[in-house]
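Asks: First the structure, then my questions, so here it is.
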Amino acid sequence: MKKILLIQTGGTIAMSAKGEGVELDPEAWSDLLIKQIPELEELAEITTYPLFFEDSSDLNAEHWVNLAQCIDVNYEKYDGFVILHGTDTMAYTASALSYSLQNLAKPVIFTGSQVPMSSVRSDARRNLINSIEMATTELQEVGICFNDHVYRGNRATKLSIGDFDAFGSPNLDPIAEIGLDIELHVPPKKLIPAFENNAAFSNEIFVLTVHPSLSMNILDCLDLTKLKAIIVRTFGSGNFPMKGEYNMIPFFEKCRDHGVIVAIVSQADYDAVNLTKYSAGRAALNVGAVSGGDMTMEAALTKLMFLMARSDSKEYIESQFQIPMAGELTVDK
């Protein structure tokens, strides 16, 4: 029987539904896990580890590093890992770990729930059973398991607040589907170098969402000396205002002059940024902006944070940002 490490980080799955709202309740979660899902022991030999108990909105890069270190320390002891995590920032953490845990030869599965495990109609039981079983497979990457689907961690994004099918992967089909049998859609790698944990992240980054009537005076207040990169969430395939007082090109030029990377992603979930298609994108290219292709917002942000912690070279970071590291980017888009 395979050995699985079940790592608890908090989130709705660890909350109590008693009272007026929901609150993190580590002791209640531990009792419920044993009492309500005894059949987990039929799937694997499970060791539970309460790494921390936090609402996922409070998680940051320090938590990502701690989580990666936990897997690193226990890597040889277990055949797979399941991480219980809040849904709000699950895709950020999964993306961050996909870059950090390099040459991964074992499954690292994130899951959680929309409803606390203590609730009668919780989706926690289903997600947890599916995730434990997924962790016993030959999957060799970071995934998010939710509602009978497994998505590549750095391709997933939260699409729904109130639906059990909370996550989707707009630009990549699920890497596994769970029905009567588990169908893996990614073949195992035959030769994998030694596993490495390279978790480190820089927070010298800012995310800017383009919107109509965005004031350039506000952007002028940004202290670019404290930033290494700005992610710009543009319209469509890379469009933004180009006329009059709302013209964004002077701001991009200012970023370039300060050595700040400008990475462009789309506010649309599906398909890819193409900076050669329209005049705005071409103008952005001319002042040094780079395309995030079909990366999710979560994947692009954590990738830049990871790259910036590894190098101070703007050229290196920009070039690596546009090359797939862990399947987060489609190269032909």
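Residues in the structure tokens are numbered from 1 in each chain, the chains being A, B, ... in the order shown, and ligands are numbered from 1 in the order shown.
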Give me, as a PyMOL selection string, all polymer residues having an atom no more than 10 Å from A:Thr225, counting only C-alpha atoms and skipping those fewer than 4 positions away in the same chain.
Replies: chain A and resi 204+255+258-260
Asks: Report as JSON lines the residues of stretch 60-134 of chain A within 9 Å of stretch 166-179 of chain A, each with its shortest atom pair and distance in Å (one decimal), using only C-alpha atoms, ordered by chain and increasing residue number.
Replies:
```
{"residue": "A:Thr87", "atom": "CA", "partner": "A:Ala166", "partner_atom": "CA", "distance": 8.1}
{"residue": "A:Ala91", "atom": "CA", "partner": "A:Phe167", "partner_atom": "CA", "distance": 8.9}
{"residue": "A:Ser113", "atom": "CA", "partner": "A:Ala166", "partner_atom": "CA", "distance": 8.8}
{"residue": "A:Gln114", "atom": "CA", "partner": "A:Ala166", "partner_atom": "CA", "distance": 7.6}
{"residue": "A:Asn130", "atom": "CA", "partner": "A:Ile178", "partner_atom": "CA", "distance": 7.4}
{"residue": "A:Met134", "atom": "CA", "partner": "A:Ala176", "partner_atom": "CA", "distance": 8.7}
```
Asks: Please, could you write that set of residues out with C-alpha atoms as a tab-separated table (two decimals), in the first residue's frame?
Replies:
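Okay, result32.tsv is ready:
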```
chain	number	residue	atom	x	y	z
A	87	THR	CA	-9.80	27.68	-2.81
A	91	ALA	CA	-4.10	28.23	-7.98
A	113	SER	CA	-13.89	22.31	-0.62
A	114	GLN	CA	-16.55	24.90	-1.21
A	130	ASN	CA	-10.39	11.56	-5.14
A	134	MET	CA	-4.83	10.51	-7.37
```
Asks: Residues of stretch 31-187 of chain A in helix (DSSP H, G or I) according to DSSP, as a VMD selection string?
Replies: chain A and resid 31 to 36 40 to 43 56 to 58 61 to 74 90 to 100 124 to 134 153 to 155
Asks: Hey, can you check how far atom CA of A:Lys190 sits from atom CA of A:Asn103?
Replies: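 Pair atom CA of A:Lys190 / atom CA of A:Asn103 returns 11.6 Å.
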Asks: With only C-alpha atoms as the atoms that count, which of A:Thr136, A:Gln267, A:Ser98, A:Ser291 lies nearest to A:His211?
Replies: A:Gln267
Asks: Determine, counting only C-alpha atoms, which protein, DNA and RNA residues have an atom within 9 Å of an atom of A:Ala68; residues of the same chain fewer than 3 positions away are not included. Present the result as a PyMOL selection string.
Replies: chain A and resi 63-65+71-73+97+100-101+197-199
Asks: Taking 5 positions as the minimum chain separation for residues in the same chain, which residues sit within 12 Å of A:Thr89 when counting only C-alpha atoms? Answer as a ChimeraX atom specification.
Replies: /A:9-12,54-61,63-64,84,94-96,110-112,144,153-154,156-159,167,297-299,302
Asks: Considering only C-alpha atoms, return as a PyMOL selection string whatever protein or nucleic-acid residues lie within 10 Å of A:Ala272, sequence-local ones (same chain, fewer than 5 positions apart) excluded.
Replies: chain A and resi 171+236-238+265-266+291-296+329-330+332-333
Asks: From the options A:Ala105, A:Val142, A:Met216, A:Leu222, which residue's atoms come nearest to A:Ile192, counting only C-alpha atoms?
Replies: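 Comparing A:Ala105, A:Val142, A:Met216, A:Leu222 against A:Ile192, the winner is A:Ala105.
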Asks: What lies within 10 Å of A:Glu245 using only C-alpha atoms, ignoring chain neighbours under 6 positions off, as a list of chain:residue names?
Replies: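 Skipping anything fewer than 6 positions along the chain leaves A:Ser213, A:Leu214, A:Ser215, A:Met216, A:Asn217.
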